[in-house]
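Q: The file below is my_file32.cif, mmCIF, C-alpha atoms:
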```cif
data_data
loop_
_atom_site.group_PDB
_atom_site.id
_atom_site.type_symbol
_atom_site.label_atom_id
_atom_site.label_comp_id
_atom_site.auth_asym_id
_atom_site.auth_seq_id
_atom_site.Cartn_x
_atom_site.Cartn_y
_atom_site.Cartn_z
ATOM 1 C CA MET A 1 0.000 0.000 0.000
ATOM 2 C CA GLY A 2 1.450 3.356 -1.022
ATOM 3 C CA SER A 3 2.053 6.094 1.512
ATOM 4 C CA LYS A 4 -0.279 9.067 1.782
ATOM 5 C CA THR A 5 1.110 12.401 0.613
ATOM 6 C CA PHE A 6 0.155 15.954 1.518
ATOM 7 C CA LYS A 7 -2.580 17.498 -0.611
ATOM 8 C CA ASN A 8 -3.147 21.248 -0.676
ATOM 9 C CA LEU A 9 -6.664 22.675 -0.611
ATOM 10 C CA ASP A 10 -6.937 22.901 -4.394
ATOM 11 C CA GLU A 11 -5.914 19.256 -4.731
ATOM 12 C CA GLN A 12 -8.406 18.225 -2.022
ATOM 13 C CA ILE A 13 -11.175 20.018 -3.942
ATOM 14 C CA GLU A 14 -10.144 18.279 -7.176
ATOM 15 C CA ILE A 15 -10.263 14.866 -5.490
ATOM 16 C CA LEU A 16 -13.778 15.482 -4.171
ATOM 17 C CA GLN A 17 -15.033 16.816 -7.477
ATOM 18 C CA GLY A 18 -13.424 13.889 -9.278
ATOM 19 C CA LYS A 19 -15.562 11.574 -7.175
ATOM 20 C CA GLY A 20 -18.712 13.399 -8.250
ATOM 21 C CA LEU A 21 -19.225 15.760 -5.292
ATOM 22 C CA VAL A 22 -21.000 19.006 -6.181
ATOM 23 C CA ILE A 23 -19.147 22.037 -4.834
ATOM 24 C CA ASP A 24 -20.997 25.235 -5.707
ATOM 25 C CA ASP A 25 -18.742 27.574 -3.686
ATOM 26 C CA ILE A 26 -15.057 26.697 -3.933
ATOM 27 C CA ASP A 27 -13.876 29.364 -1.465
ATOM 28 C CA TYR A 28 -16.412 28.236 1.132
ATOM 29 C CA ALA A 29 -15.361 24.598 0.703
ATOM 30 C CA LYS A 30 -11.678 25.528 1.064
ATOM 31 C CA GLU A 31 -12.370 27.404 4.293
ATOM 32 C CA VAL A 32 -14.288 24.438 5.716
ATOM 33 C CA LEU A 33 -11.539 21.985 4.750
ATOM 34 C CA LEU A 34 -8.880 24.229 6.272
ATOM 35 C CA ARG A 35 -10.729 24.664 9.555
ATOM 36 C CA GLU A 36 -12.205 21.193 9.950
ATOM 37 C CA ASN A 37 -9.598 18.913 8.301
ATOM 38 C CA TYR A 38 -10.196 16.884 5.128
ATOM 39 C CA PHE A 39 -9.622 13.597 6.964
ATOM 40 C CA PHE A 40 -12.282 14.207 9.619
ATOM 41 C CA LEU A 41 -14.801 15.569 7.147
ATOM 42 C CA SER A 42 -14.309 12.549 4.876
ATOM 43 C CA GLY A 43 -15.381 10.332 7.780
ATOM 44 C CA TYR A 44 -18.971 11.427 7.078
ATOM 45 C CA ARG A 45 -19.060 10.615 3.374
ATOM 46 C CA HIS A 46 -19.973 6.910 3.412
ATOM 47 C CA LEU A 47 -23.743 7.562 3.585
ATOM 48 C CA PHE A 48 -23.414 9.587 0.394
ATOM 49 C CA LEU A 49 -21.425 7.014 -1.593
ATOM 50 C CA ARG A 50 -22.832 4.725 -4.265
ATOM 51 C CA LYS A 51 -23.348 1.102 -3.288
ATOM 52 C CA ASP A 52 -21.418 -0.232 -6.314
ATOM 53 C CA GLY A 53 -18.013 0.014 -4.633
ATOM 54 C CA SER A 54 -16.847 2.775 -6.978
ATOM 55 C CA ARG A 55 -16.207 5.183 -4.076
ATOM 56 C CA LYS A 56 -18.118 7.764 -6.111
ATOM 57 C CA PHE A 57 -20.764 10.028 -4.592
ATOM 58 C CA LEU A 58 -24.469 9.581 -5.196
ATOM 59 C CA SER A 59 -25.739 11.749 -8.014
ATOM 60 C CA GLY A 60 -26.323 15.322 -6.876
ATOM 61 C CA THR A 61 -24.503 15.007 -3.529
ATOM 62 C CA ASN A 62 -23.455 18.489 -2.436
ATOM 63 C CA PHE A 63 -20.507 19.426 -0.246
ATOM 64 C CA ARG A 64 -22.926 21.314 2.011
ATOM 65 C CA GLU A 65 -24.819 18.077 2.749
ATOM 66 C CA ILE A 66 -21.718 16.322 4.043
ATOM 67 C CA TYR A 67 -20.758 19.372 6.072
ATOM 68 C CA GLY A 68 -24.335 19.470 7.373
ATOM 69 C CA LEU A 69 -23.965 15.905 8.689
ATOM 70 C CA PHE A 70 -20.591 16.857 10.163
ATOM 71 C CA ASN A 71 -22.150 19.794 12.029
ATOM 72 C CA PHE A 72 -25.123 17.694 13.120
ATOM 73 C CA ASP A 73 -22.724 15.214 14.692
ATOM 74 C CA ARG A 74 -20.921 18.048 16.473
ATOM 75 C CA GLN A 75 -24.176 19.340 17.964
ATOM 76 C CA LEU A 76 -25.175 15.787 18.881
ATOM 77 C CA ARG A 77 -21.885 15.309 20.738
ATOM 78 C CA ASN A 78 -22.423 18.550 22.649
ATOM 79 C CA ILE A 79 -25.934 17.505 23.674
ATOM 80 C CA LEU A 80 -24.872 14.046 24.800
ATOM 81 C CA PHE A 81 -21.742 15.315 26.526
ATOM 82 C CA LYS A 82 -23.508 17.795 28.775
ATOM 83 C CA ASN A 83 -26.096 15.183 29.777
ATOM 84 C CA ILE A 84 -23.495 12.497 30.466
ATOM 85 C CA LEU A 85 -21.725 15.077 32.648
ATOM 86 C CA ILE A 86 -24.968 15.431 34.603
ATOM 87 C CA VAL A 87 -25.003 11.644 35.101
ATOM 88 C CA GLU A 88 -21.336 11.697 36.122
ATOM 89 C CA ASN A 89 -21.880 14.425 38.695
ATOM 90 C CA ASN A 90 -25.006 12.735 40.071
ATOM 91 C CA LEU A 91 -23.252 9.380 40.387
ATOM 92 C CA LYS A 92 -20.249 10.897 42.159
ATOM 93 C CA SER A 93 -22.554 12.681 44.613
ATOM 94 C CA ILE A 94 -24.724 9.628 45.303
ATOM 95 C CA LEU A 95 -21.825 7.182 45.587
ATOM 96 C CA SER A 96 -19.830 9.409 47.929
ATOM 97 C CA TYR A 97 -22.923 9.962 50.102
ATOM 98 C CA VAL A 98 -23.720 6.245 50.395
ATOM 99 C CA MET A 99 -20.103 5.235 51.046
ATOM 100 C CA SER A 100 -19.530 8.013 53.568
ATOM 101 C CA LYS A 101 -22.744 7.185 55.408
ATOM 102 C CA ASN A 102 -22.125 3.448 55.496
ATOM 103 C CA HIS A 103 -18.340 3.235 55.910
ATOM 104 C CA GLY A 104 -16.872 6.643 56.748
ATOM 105 C CA PHE A 105 -15.505 9.484 54.653
ATOM 106 C CA LYS A 106 -11.753 9.690 55.338
ATOM 107 C CA GLU A 107 -8.937 8.099 53.309
ATOM 108 C CA GLN A 108 -8.604 5.205 55.752
ATOM 109 C CA ASN A 109 -12.245 4.405 54.988
ATOM 110 C CA TYR A 110 -12.626 4.773 51.212
ATOM 111 C CA LEU A 111 -9.092 3.497 50.514
ATOM 112 C CA ASN A 112 -9.549 0.471 52.760
ATOM 113 C CA ALA A 113 -9.959 -2.766 50.781
ATOM 114 C CA ASP A 114 -12.054 -4.221 53.625
ATOM 115 C CA ASN A 115 -14.869 -1.800 52.786
ATOM 116 C CA PHE A 116 -15.423 -3.372 49.366
ATOM 117 C CA VAL A 117 -16.931 -6.622 48.109
ATOM 118 C CA LYS A 118 -15.649 -9.775 49.795
ATOM 119 C CA ASP A 119 -14.818 -11.747 46.667
ATOM 120 C CA ASN A 120 -11.406 -13.358 46.204
ATOM 121 C CA SER A 121 -11.757 -13.144 42.415
ATOM 122 C CA LYS A 122 -11.916 -9.342 42.694
ATOM 123 C CA THR A 123 -9.053 -8.822 45.159
ATOM 124 C CA ARG A 124 -6.612 -7.843 42.431
ATOM 125 C CA GLN A 125 -9.131 -5.481 40.799
ATOM 126 C CA ILE A 126 -9.836 -3.820 44.163
ATOM 127 C CA ASN A 127 -6.132 -3.296 44.904
ATOM 128 C CA ASP A 128 -5.450 -2.013 41.373
ATOM 129 C CA LEU A 129 -8.357 0.419 41.578
ATOM 130 C CA LEU A 130 -7.289 1.731 44.970
ATOM 131 C CA ARG A 131 -3.809 2.369 43.525
ATOM 132 C CA LYS A 132 -5.396 4.267 40.617
ATOM 133 C CA MET A 133 -7.406 6.355 43.078
ATOM 134 C CA LYS A 134 -4.338 7.164 45.152
ATOM 135 C CA ARG A 135 -2.461 8.157 41.992
ATOM 136 C CA GLN A 136 -5.244 10.451 40.791
ATOM 137 C CA ILE A 137 -5.508 12.004 44.251
ATOM 138 C CA SER A 138 -1.737 12.561 44.291
ATOM 139 C CA VAL A 139 -1.565 13.980 40.760
ATOM 140 C CA ASN A 140 -4.763 16.057 40.737
ATOM 141 C CA GLY A 141 -5.380 16.720 44.415
ATOM 142 C CA LYS A 142 -3.072 19.716 44.767
ATOM 143 C CA GLN A 143 -4.294 21.252 41.503
ATOM 144 C CA HIS A 144 -7.951 21.309 42.576
ATOM 145 C CA ALA A 145 -8.996 24.182 44.871
ATOM 146 C CA ALA A 146 -11.375 22.106 47.015
ATOM 147 C CA THR A 147 -8.963 19.213 47.562
ATOM 148 C CA SER A 148 -6.099 21.607 48.336
ATOM 149 C CA HIS A 149 -8.315 23.371 50.879
ATOM 150 C CA TYR A 150 -9.038 20.155 52.772
ATOM 151 C CA ILE A 151 -5.415 18.971 52.641
ATOM 152 C CA ASN A 152 -4.088 22.275 53.928
ATOM 153 C CA ASN A 153 -6.743 22.900 56.578
ATOM 154 C CA TYR A 154 -7.813 19.448 57.758
ATOM 155 C CA GLY A 155 -5.068 17.086 56.659
ATOM 156 C CA TYR A 156 -7.403 14.781 54.733
ATOM 157 C CA ILE A 157 -9.797 14.808 51.772
ATOM 158 C CA PRO A 158 -13.352 13.542 52.365
ATOM 159 C CA LEU A 159 -14.817 11.231 49.744
ATOM 160 C CA TRP A 160 -17.384 13.766 48.541
ATOM 161 C CA ILE A 161 -14.474 16.033 47.602
ATOM 162 C CA VAL A 162 -12.072 13.425 46.234
ATOM 163 C CA VAL A 163 -14.639 12.195 43.679
ATOM 164 C CA LYS A 164 -14.190 15.541 41.925
ATOM 165 C CA VAL A 165 -10.682 14.535 40.835
ATOM 166 C CA LEU A 166 -11.588 10.964 39.890
ATOM 167 C CA SER A 167 -12.436 10.104 36.286
ATOM 168 C CA PHE A 168 -15.899 8.831 35.373
ATOM 169 C CA GLY A 169 -14.300 5.531 34.384
ATOM 170 C CA ILE A 170 -12.750 5.040 37.817
ATOM 171 C CA VAL A 171 -15.976 5.968 39.618
ATOM 172 C CA GLY A 172 -17.886 3.489 37.459
ATOM 173 C CA GLU A 173 -15.356 0.771 38.249
ATOM 174 C CA LEU A 174 -15.547 1.739 41.919
ATOM 175 C CA TYR A 175 -19.284 1.056 41.849
ATOM 176 C CA SER A 176 -18.637 -2.418 40.426
ATOM 177 C CA ILE A 177 -16.602 -3.462 43.490
ATOM 178 C CA LEU A 178 -18.815 -1.992 46.226
ATOM 179 C CA GLN A 179 -20.443 -4.299 48.716
ATOM 180 C CA ARG A 180 -23.768 -5.590 47.423
ATOM 181 C CA GLU A 181 -25.803 -3.597 49.948
ATOM 182 C CA ASP A 182 -24.136 -0.367 48.819
ATOM 183 C CA GLN A 183 -24.653 -1.219 45.156
ATOM 184 C CA GLU A 184 -28.342 -1.896 45.706
ATOM 185 C CA GLU A 185 -28.851 1.313 47.662
ATOM 186 C CA ILE A 186 -27.388 3.318 44.771
ATOM 187 C CA ALA A 187 -29.171 1.359 42.016
ATOM 188 C CA ASN A 188 -32.502 1.774 43.834
ATOM 189 C CA ILE A 189 -32.112 5.549 43.642
ATOM 190 C CA TYR A 190 -32.064 5.206 39.850
ATOM 191 C CA GLY A 191 -34.813 2.605 39.860
ATOM 192 C CA ILE A 192 -32.738 0.004 38.024
ATOM 193 C CA ARG A 193 -30.992 -3.249 38.907
ATOM 194 C CA VAL A 194 -27.373 -3.491 40.044
ATOM 195 C CA HIS A 195 -26.143 -5.466 37.040
ATOM 196 C CA GLU A 196 -27.744 -2.944 34.683
ATOM 197 C CA LEU A 197 -25.934 -0.025 36.323
ATOM 198 C CA VAL A 198 -22.676 -2.014 36.289
ATOM 199 C CA ASP A 199 -23.142 -2.505 32.515
ATOM 200 C CA TYR A 200 -24.280 1.050 31.780
ATOM 201 C CA LEU A 201 -21.506 3.025 33.489
ATOM 202 C CA PRO A 202 -18.525 1.939 31.327
ATOM 203 C CA ILE A 203 -20.634 2.489 28.185
ATOM 204 C CA LEU A 204 -21.431 6.029 29.316
ATOM 205 C CA ALA A 205 -17.780 6.647 30.234
ATOM 206 C CA ASN A 206 -16.771 5.521 26.756
ATOM 207 C CA TYR A 207 -19.220 7.927 25.120
ATOM 208 C CA ARG A 208 -18.126 10.716 27.448
ATOM 209 C CA ASN A 209 -14.561 10.381 26.180
ATOM 210 C CA LEU A 210 -15.709 10.013 22.579
ATOM 211 C CA CYS A 211 -17.682 13.265 22.839
ATOM 212 C CA ALA A 212 -14.854 15.085 24.620
ATOM 213 C CA HIS A 213 -12.385 14.223 21.857
ATOM 214 C CA GLU A 214 -14.690 15.088 18.931
ATOM 215 C CA ASP A 215 -14.772 11.568 17.505
ATOM 216 C CA ILE A 216 -17.570 10.560 15.139
ATOM 217 C CA CYS A 217 -20.558 9.927 17.363
ATOM 218 C CA TYR A 218 -23.794 9.452 15.420
ATOM 219 C CA ASN A 219 -22.971 5.964 14.102
ATOM 220 C CA ASN A 220 -20.687 4.774 16.893
ATOM 221 C CA HIS A 221 -21.215 1.266 18.267
ATOM 222 C CA THR A 222 -20.135 0.080 21.700
ATOM 223 C CA HIS A 223 -18.345 -3.209 22.314
ATOM 224 C CA LYS A 224 -20.832 -4.071 25.032
ATOM 225 C CA LYS A 225 -24.519 -4.668 24.323
ATOM 226 C CA ILE A 226 -27.272 -3.604 26.683
ATOM 227 C CA GLU A 227 -29.950 -6.063 27.713
ATOM 228 C CA HIS A 228 -33.607 -5.985 26.730
ATOM 229 C CA THR A 229 -35.595 -3.211 28.403
ATOM 230 C CA LYS A 230 -39.263 -2.302 28.471
ATOM 231 C CA TYR A 231 -38.484 0.510 26.013
ATOM 232 C CA HIS A 232 -37.618 -2.030 23.315
ATOM 233 C CA ASP A 233 -41.150 -3.389 23.753
ATOM 234 C CA ILE A 234 -42.867 -0.006 24.022
ATOM 235 C CA LEU A 235 -41.322 1.138 20.733
ATOM 236 C CA ASN A 236 -41.975 -2.233 19.055
ATOM 237 C CA ILE A 237 -38.352 -2.451 17.950
ATOM 238 C CA PRO A 238 -38.066 -5.376 15.498
ATOM 239 C CA MET A 239 -35.665 -8.291 15.915
ATOM 240 C CA ASP A 240 -33.315 -9.938 13.435
ATOM 241 C CA GLU A 241 -33.272 -13.621 12.561
ATOM 242 C CA GLU A 242 -31.117 -14.402 15.609
ATOM 243 C CA GLY A 243 -33.585 -12.794 17.989
ATOM 244 C CA ASP A 244 -31.531 -9.652 18.654
ATOM 245 C CA TYR A 245 -33.087 -6.191 18.539
ATOM 246 C CA ILE A 246 -32.162 -4.239 15.418
ATOM 247 C CA TYR A 247 -31.959 -0.947 17.323
ATOM 248 C CA GLY A 248 -31.046 0.067 20.847
ATOM 249 C CA VAL A 249 -28.468 -2.600 21.665
ATOM 250 C CA SER A 250 -24.949 -1.298 20.950
ATOM 251 C CA ASP A 251 -25.749 1.786 18.878
ATOM 252 C CA LEU A 252 -26.437 5.400 19.782
ATOM 253 C CA PHE A 253 -30.054 4.616 20.630
ATOM 254 C CA ALA A 254 -28.762 2.259 23.329
ATOM 255 C CA ILE A 255 -27.259 5.354 24.971
ATOM 256 C CA ILE A 256 -30.634 7.075 24.717
ATOM 257 C CA ILE A 257 -32.278 4.102 26.462
ATOM 258 C CA ILE A 258 -29.639 4.221 29.210
ATOM 259 C CA LEU A 259 -30.105 7.950 29.736
ATOM 260 C CA LYS A 260 -33.883 7.506 29.778
ATOM 261 C CA GLN A 261 -33.424 5.387 32.901
ATOM 262 C CA ILE A 262 -30.749 7.454 34.638
ATOM 263 C CA LEU A 263 -31.475 11.116 33.885
ATOM 264 C CA LYS A 264 -34.228 13.028 35.618
ATOM 265 C CA GLU A 265 -37.335 13.176 33.442
ATOM 266 C CA GLU A 266 -37.092 16.908 32.732
ATOM 267 C CA ASP A 267 -33.430 16.587 31.695
ATOM 268 C CA PHE A 268 -34.224 13.660 29.401
ATOM 269 C CA ILE A 269 -37.126 15.480 27.742
ATOM 270 C CA MET A 270 -34.965 18.543 27.117
ATOM 271 C CA MET A 271 -32.190 16.383 25.674
ATOM 272 C CA MET A 272 -34.558 14.617 23.276
ATOM 273 C CA ASN A 273 -36.093 17.923 22.197
ATOM 274 C CA GLU A 274 -32.622 19.219 21.368
ATOM 275 C CA ILE A 275 -31.717 16.092 19.399
ATOM 276 C CA SER A 276 -35.032 16.221 17.504
ATOM 277 C CA TYR A 277 -34.412 19.876 16.635
ATOM 278 C CA GLU A 278 -30.939 19.102 15.249
ATOM 279 C CA LEU A 279 -32.371 16.223 13.205
ATOM 280 C CA ASP A 280 -34.958 18.602 11.728
ATOM 281 C CA VAL A 281 -32.195 21.091 10.851
ATOM 282 C CA LEU A 282 -30.204 18.340 9.161
ATOM 283 C CA ASP A 283 -33.291 17.077 7.323
ATOM 284 C CA GLY A 284 -33.619 20.478 5.672
ATOM 285 C CA LYS A 285 -30.081 20.208 4.277
ATOM 286 C CA LEU A 286 -30.270 16.708 2.801
ATOM 287 C CA VAL A 287 -30.904 16.096 -0.897
ATOM 288 C CA ALA A 288 -29.029 12.982 -2.032
ATOM 289 C CA ILE A 289 -30.096 10.940 1.015
ATOM 290 C CA GLU A 290 -33.050 11.063 3.425
ATOM 291 C CA ILE A 291 -33.137 11.659 7.165
ATOM 292 C CA LYS A 292 -34.283 8.068 7.682
ATOM 293 C CA ASP A 293 -30.882 6.967 6.357
ATOM 294 C CA VAL A 294 -29.202 8.958 9.118
ATOM 295 C CA LEU A 295 -31.619 7.629 11.747
ATOM 296 C CA ASN A 296 -30.820 4.086 10.652
ATOM 297 C CA GLU A 297 -27.087 4.746 11.092
ATOM 298 C CA MET A 298 -27.805 6.092 14.580
ATOM 299 C CA GLY A 299 -29.899 3.057 15.467
ATOM 300 C CA PHE A 300 -32.929 5.314 15.941
ATOM 301 C CA PRO A 301 -36.301 3.748 15.067
ATOM 302 C CA LEU A 302 -38.576 6.074 13.096
ATOM 303 C CA ASN A 303 -40.831 6.373 16.179
ATOM 304 C CA TYR A 304 -37.909 7.270 18.461
ATOM 305 C CA LYS A 305 -39.767 10.287 19.892
ATOM 306 C CA GLU A 306 -42.213 7.966 21.644
ATOM 307 C CA ILE A 307 -39.541 7.114 24.216
ATOM 308 C CA VAL A 308 -40.168 10.521 25.785
ATOM 309 C CA ARG A 309 -43.743 9.547 26.624
#
```
Once more with this new file: its structure as structure tokens, please.

A:
Amino acid sequence: MGSKTFKNLDEQIEILQGKGLVIDDIDYAKEVLLRENYFFLSGYRHLFLRKDGSRKFLSGTNFREIYGLFNFDRQLRNILFKNILIVENNLKSILSYVMSKNHGFKEQNYLNADNFVKDNSKTRQINDLLRKMKRQISVNGKQHAATSHYINNYGYIPLWIVVKVLSFGIVGELYSILQREDQEEIANIYGIRVHELVDYLPILANYRNLCAHEDICYNNHTHKKIEHTKYHDILNIPMDEEGDYIYGVSDLFAIIIILKQILKEEDFIMMMNEISYELDVLDGKLVAIEIKDVLNEMGFPLNYKEIVR
């Protein structure tokens, strides 16, 4: 395979036009390519390509359509990111409250392996996680105003403060090794089962990082599948020949189903209204493809709005 070489903006335009892309404003297209990067923008082209393997664009595909999908994905990331941050903050608050109430709030309490699940198969995971926590406290503790305040004035950092410097991934893993009674107390607040919350948290952490780093979001699939929920039934989501749901398993709609169960109702409704608005904006920009093609890539059933009700 030959190596890739640098292409200037004029050459990038020629490549796109050579593949059949309509560019009605060359200067505008050059500015977009300069600011957004040809490589990242090209990640949104596959929906607009012919199915014959020619790598040519569908007849009439306009540069503005692809950029419209690019911008839709950016807005989608922003919407998801702020709502996952709400979940992250809520979880940190709830977990630190339950642990502090049940086991104590100083380092000797929340960094004590005896306060976690009594399972020999998880001993190594517990010790590794506690080392990660100590490292994050050491690295980030003095840089955070609240943690510095407690260190300097009290000589310790309570758990409800230390969670501020812990990553969402570590807090999610921390939940997975809590004693069963603590896990159930937290899961009951969300109205879901322990094993569901254990499954959901790493998926949300993965999407949090994806959104934070501006990766392609709308058609992302997770490695882990979520289990059947009542929302699959309510929306009458069809199954494939193997008995698996076509939507809402490892796609973006699976994240929507997770957030439906974890966010407060008013936050979820607002989030879905924002996503619906951005889909309507995108719909008005599409010519070569239809909005249902985008929904299919997202794993959204056509009646996705019914999940709000």

Q: Using all atoms listed in the file, which of the listed residues (A:Asn296, A:Thr5, A:Asn109, A:Asn90) sits closest to Gly172 in chain A?

A: A:Asn90

Q: Compile the contact shell of range 219-234 of chain A as a ChimeraX atom specification: residues with an atom at most 8 Å away, counting only C-alpha atoms, same-chain residues fewer than 2 positions apart removed.

A: /A:196,199-200,203,216-217,236-237,245,248-252,254,257,297-299,307

Q: What is the distance, in Å and to one decimal place, between CA of Leu130 in chain A and CA of Ile170 in chain A?

A: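 Straight-line distance from CA of Leu130 in chain A to CA of Ile170 in chain A works out to 9.6 Å.
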
Q: Of the candidates A:Ser42, A:Gln143, A:Ser176, A:Gln261, which one gets nearest to Tyr190 in chain A if we count only C-alpha atoms?

A: A:Gln261

Q: Just the number, please: distance in Å from CA of Glu181 in chain A to CA of Asn83 in chain A, one decimal.

A: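 Distance between the two atoms: 27.6 Å.
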
Q: Tell me, as a count of residues only, which residues lie within 9 Å of Val162 in chain A, counting all atoms listed in the file; anything in the same chain fewer than 5 positions away does not count.

A: 6

Q: Could you tell me which of A:Lys260, A:Lys51, A:Lys164, A:Arg135 comes closest to Ile192 in chain A if we count all atoms listed in the file?

A: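 Checking each of A:Lys260, A:Lys51, A:Lys164, A:Arg135 against Ile192 in chain A, counting all atoms listed in the file, the winner is A:Lys260.
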
Q: Between CA of Asp215 in chain A and CA of Leu69 in chain A, what is the distance in Å, rounded to a tenth?

A: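 Answer for the CA of Asp215 in chain A to CA of Leu69 in chain A separation: 13.5 Å.
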